[in-house]
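Just below is one structure, and these are the notes that go with it.
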Amino acid sequence: MSSPVRRGPGRPRKLPAGEQRALVLAAAREVFAEDGVQGATIERIARSAGVTRQGVYEQFADKAAVFAAVVAEAEQLVFAKVGAPAAETSELDLKAWARRNYASMFDFVAENPSAFGVLQEAERIGDPAMTRLRERLAEVYTGESRRRWRMHGVEPGRADTALVTMYFAMTEALVRLSRAGDAPDREALIDLLTEFTVGGVLRIYAQYPDLIARLR
């Protein structure tokens, strides 16, 4: 999904409604991710988008409405970019499939650094946006992972939901880590996550099969 081209300095011209809305949402996503809902202002969003304050109000009733639209757009963007690769029919084995999913998450954050910030801000103020996103992605991941676990003789039952929850929690933690200061080696992190969540579970299942059964 390409970002709208922002206008340069100068008197804003009247833009088509769709183009203006896209500019406002793109600017607002970064402003909310950086300043939070409380610190963000319509004036700053308008200035960042290269439109007038009135231009923002023509699209949205108030700041709360802008934020709600930004959150909804971020949710859909993450689901499309991260969930779609996992749902693609392929012959990838379990480890290769899992590794591709981790790579998709890291690539998405690198290309859209403000999206997760917006979703985390939504959670902070009581909108369970990240929780909704995890649940939607879990539906995709559990179906695809269950089929692949069975190829290894593992019947995860309801445990696959727990494994997906662990996957997202670990990925989000390492993604935040990679954005703070010097970024760790991307490939090394992806390899680590893959080995931990796939190789580790297979070893546990081989030694303690009843442990997985307890989660069913």
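If you're wondering about the labels, chains in the structure tokens are A, B, ... by order shown, residues count from 1 in each chain, ligands from 1 in order shown.
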Within 12 Å of A:Ala84, counting only C-alpha atoms, which residues show up once you throw out same-chain ones fewer than 3 positions away? Write them as number ranges by chain, please. A: 76-81, 87-89, 100-101, 104-105, 136-137, 139-141, 144
At a cut-off of 12 Å, using only C-alpha atoms, what residues contact A:Asp191? Leave out same-chain residues fewer than 3 positions from it and give the result as JSON, numbers by chain. {"A": [95, 96, 98, 99, 100, 101, 102, 103, 171, 185, 186, 187, 188, 194, 195, 196, 197, 198, 199]}
Skip A:Ser114 itself and residues of its chain fewer than 4 positions away, then list as a CSV table (one decimal) with all heavy atoms, in the first residue's frame all residues within 8 Å of it, counting only C-alpha atoms.
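Saved to out.csv:
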chain,number,residue,atom,x,y,z
A,29,ARG,N,-1.6,9.2,11.3
A,29,ARG,CA,-1.0,8.0,11.9
A,29,ARG,C,0.3,8.2,12.5
A,29,ARG,O,0.6,7.7,13.6
A,29,ARG,CB,-0.9,6.9,10.8
A,29,ARG,CG,-0.5,5.5,11.3
A,29,ARG,CD,-0.7,4.5,10.2
A,29,ARG,NE,0.4,4.5,9.3
A,29,ARG,CZ,0.4,3.8,8.1
A,29,ARG,NH1,-0.6,3.0,7.8
A,29,ARG,NH2,1.4,3.9,7.3
A,30,GLU,N,1.1,9.0,11.8
A,30,GLU,CA,2.5,9.3,12.4
A,30,GLU,C,2.4,10.3,13.6
A,30,GLU,O,3.1,10.1,14.6
A,30,GLU,CB,3.3,10.0,11.3
A,30,GLU,CG,3.6,9.0,10.1
A,30,GLU,CD,4.6,9.6,9.2
A,30,GLU,OE1,5.3,10.6,9.5
A,30,GLU,OE2,4.8,9.0,8.1
A,33,ALA,N,1.1,8.2,16.6
A,33,ALA,CA,2.1,7.3,17.0
A,33,ALA,C,3.2,8.0,17.8
A,33,ALA,O,3.7,7.4,18.8
A,33,ALA,CB,2.7,6.5,15.8
A,34,GLU,N,3.5,9.2,17.4
A,34,GLU,CA,4.6,10.0,18.1
A,34,GLU,C,4.1,10.7,19.3
A,34,GLU,O,4.8,10.7,20.3
A,34,GLU,CB,5.1,11.0,17.1
A,34,GLU,CG,6.3,11.8,17.6
A,34,GLU,CD,6.9,12.7,16.6
A,34,GLU,OE1,6.7,12.5,15.4
A,34,GLU,OE2,7.6,13.7,17.0
A,109,VAL,N,6.8,-3.9,9.9
A,109,VAL,CA,7.2,-2.9,10.8
A,109,VAL,C,8.2,-1.9,10.3
A,109,VAL,O,8.2,-0.7,10.5
A,109,VAL,CB,7.6,-3.5,12.2
A,109,VAL,CG1,8.2,-2.4,13.1
A,109,VAL,CG2,6.5,-4.3,12.8
A,118,VAL,N,0.3,3.2,16.7
A,118,VAL,CA,-1.1,3.6,16.7
A,118,VAL,C,-1.9,2.5,17.5
A,118,VAL,O,-2.8,2.8,18.3
A,118,VAL,CB,-1.6,3.9,15.3
A,118,VAL,CG1,-3.1,3.9,15.3
A,118,VAL,CG2,-1.1,5.2,14.8
Looking only at the backbone, which of the residues in stretch 99-129 of chain A does DSSP tag as alpha helix (DSSP H), as a PyMOL selection string? chain A and resi 99-111+113-124+129
Could you turn the residues from that selection into a file that holds N, CA, C and O atoms, as a CSV table (one decimal), in the first residue's frame?
chain,number,residue,atom,x,y,z
A,99,ARG,N,9.0,-19.2,9.5
A,99,ARG,CA,10.1,-18.3,9.3
A,99,ARG,C,9.6,-17.1,8.3
A,99,ARG,O,9.9,-16.0,8.5
A,100,ARG,N,8.8,-17.5,7.3
A,100,ARG,CA,8.3,-16.5,6.4
A,100,ARG,C,7.3,-15.6,7.1
A,100,ARG,O,7.3,-14.4,6.9
A,101,ASN,N,6.6,-16.1,8.1
A,101,ASN,CA,5.6,-15.3,8.8
A,101,ASN,C,6.4,-14.3,9.7
A,101,ASN,O,6.0,-13.1,9.8
A,102,TYR,N,7.4,-14.7,10.3
A,102,TYR,CA,8.2,-13.8,11.1
A,102,TYR,C,8.8,-12.7,10.3
A,102,TYR,O,8.8,-11.5,10.6
A,103,ALA,N,9.3,-13.1,9.1
A,103,ALA,CA,9.9,-12.2,8.2
A,103,ALA,C,8.9,-11.1,7.7
A,103,ALA,O,9.2,-9.9,7.6
A,104,SER,N,7.7,-11.6,7.5
A,104,SER,CA,6.6,-10.7,7.1
A,104,SER,C,6.3,-9.6,8.1
A,104,SER,O,6.1,-8.4,7.8
A,105,MET,N,6.3,-10.1,9.4
A,105,MET,CA,6.1,-9.1,10.5
A,105,MET,C,7.2,-8.1,10.6
A,105,MET,O,6.9,-6.9,10.7
A,106,PHE,N,8.4,-8.5,10.5
A,106,PHE,CA,9.6,-7.6,10.6
A,106,PHE,C,9.6,-6.6,9.4
A,106,PHE,O,9.8,-5.5,9.6
A,107,ASP,N,9.3,-7.2,8.3
A,107,ASP,CA,9.3,-6.3,7.1
A,107,ASP,C,8.2,-5.3,7.2
A,107,ASP,O,8.4,-4.1,6.8
A,108,PHE,N,7.0,-5.7,7.7
A,108,PHE,CA,5.9,-4.7,7.8
A,108,PHE,C,6.3,-3.6,8.7
A,108,PHE,O,6.0,-2.4,8.4
A,109,VAL,N,6.8,-3.9,9.9
A,109,VAL,CA,7.2,-2.9,10.8
A,109,VAL,C,8.2,-1.9,10.3
A,109,VAL,O,8.2,-0.7,10.5
A,110,ALA,N,9.2,-2.5,9.5
A,110,ALA,CA,10.2,-1.7,8.9
A,110,ALA,C,9.6,-0.7,7.9
A,110,ALA,O,10.0,0.5,7.8
A,111,GLU,N,8.6,-1.1,7.2
A,111,GLU,CA,8.0,-0.3,6.1
A,111,GLU,C,6.9,0.6,6.7
A,111,GLU,O,6.6,1.6,6.1
A,113,PRO,N,6.5,1.9,10.3
A,113,PRO,CA,6.8,2.0,11.7
A,113,PRO,C,5.7,2.6,12.6
A,113,PRO,O,5.7,2.3,13.8
A,114,SER,N,4.9,3.4,12.1
A,114,SER,CA,3.9,4.0,12.9
A,114,SER,C,2.6,3.2,13.2
A,114,SER,O,1.8,3.5,14.1
A,115,ALA,N,2.4,2.2,12.4
A,115,ALA,CA,1.2,1.4,12.5
A,115,ALA,C,1.1,0.7,13.9
A,115,ALA,O,0.0,0.8,14.5
A,116,PHE,N,2.1,0.1,14.3
A,116,PHE,CA,2.1,-0.6,15.6
A,116,PHE,C,2.0,0.4,16.7
A,116,PHE,O,1.3,0.2,17.8
A,117,GLY,N,2.6,1.6,16.6
A,117,GLY,CA,2.5,2.6,17.6
A,117,GLY,C,1.1,3.1,17.8
A,117,GLY,O,0.6,3.3,18.9
A,118,VAL,N,0.3,3.2,16.7
A,118,VAL,CA,-1.1,3.6,16.7
A,118,VAL,C,-1.9,2.5,17.5
A,118,VAL,O,-2.8,2.8,18.3
A,119,LEU,N,-1.7,1.3,17.1
A,119,LEU,CA,-2.4,0.2,17.7
A,119,LEU,C,-2.1,0.1,19.2
A,119,LEU,O,-3.0,-0.2,20.0
A,120,GLN,N,-0.9,0.3,19.6
A,120,GLN,CA,-0.5,0.2,21.0
A,120,GLN,C,-1.1,1.4,21.8
A,120,GLN,O,-1.6,1.3,22.9
A,121,GLU,N,-1.2,2.6,21.1
A,121,GLU,CA,-1.8,3.7,21.7
A,121,GLU,C,-3.3,3.5,21.9
A,121,GLU,O,-3.9,3.9,23.0
A,122,ALA,N,-3.9,2.8,21.0
A,122,ALA,CA,-5.4,2.5,21.1
A,122,ALA,C,-5.6,1.6,22.3
A,122,ALA,O,-6.5,1.8,23.1
A,123,GLU,N,-4.7,0.6,22.5
A,123,GLU,CA,-4.9,-0.3,23.6
A,123,GLU,C,-4.7,0.5,24.9
A,123,GLU,O,-5.4,0.3,25.9
A,124,ARG,N,-3.8,1.4,24.9
A,124,ARG,CA,-3.5,2.2,26.1
A,124,ARG,C,-4.7,3.0,26.6
A,124,ARG,O,-4.9,3.2,27.8
A,129,ALA,N,-7.5,-2.6,20.1
A,129,ALA,CA,-7.2,-2.8,18.7
A,129,ALA,C,-6.2,-3.9,18.5
A,129,ALA,O,-6.4,-4.7,17.5
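Take the candidates A:Trp97, A:Tyr57, A:Tyr208, A:Trp149 and check each one against A:Ile190 using only C-alpha atoms; the shortest distance goes to A:Trp97.
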As an exercise, work out the distance from atom CA of A:Val66 to atom CA of A:Ala28 in Å and give it to one decimal place. 7.4 Å
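Put simply, atom CA of A:Tyr205 is 18.9 Å away from atom CA of A:Leu192.
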Have a look at atom CA of A:Asn112 and atom CA of A:Val31 and let me know their distance in Å, one decimal. 13.4 Å
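The residue that comes closest to A:Arg44, out of A:Gln59, A:Ser145, A:Leu189, A:Val24 and on the basis of only C-alpha atoms, is A:Val24.
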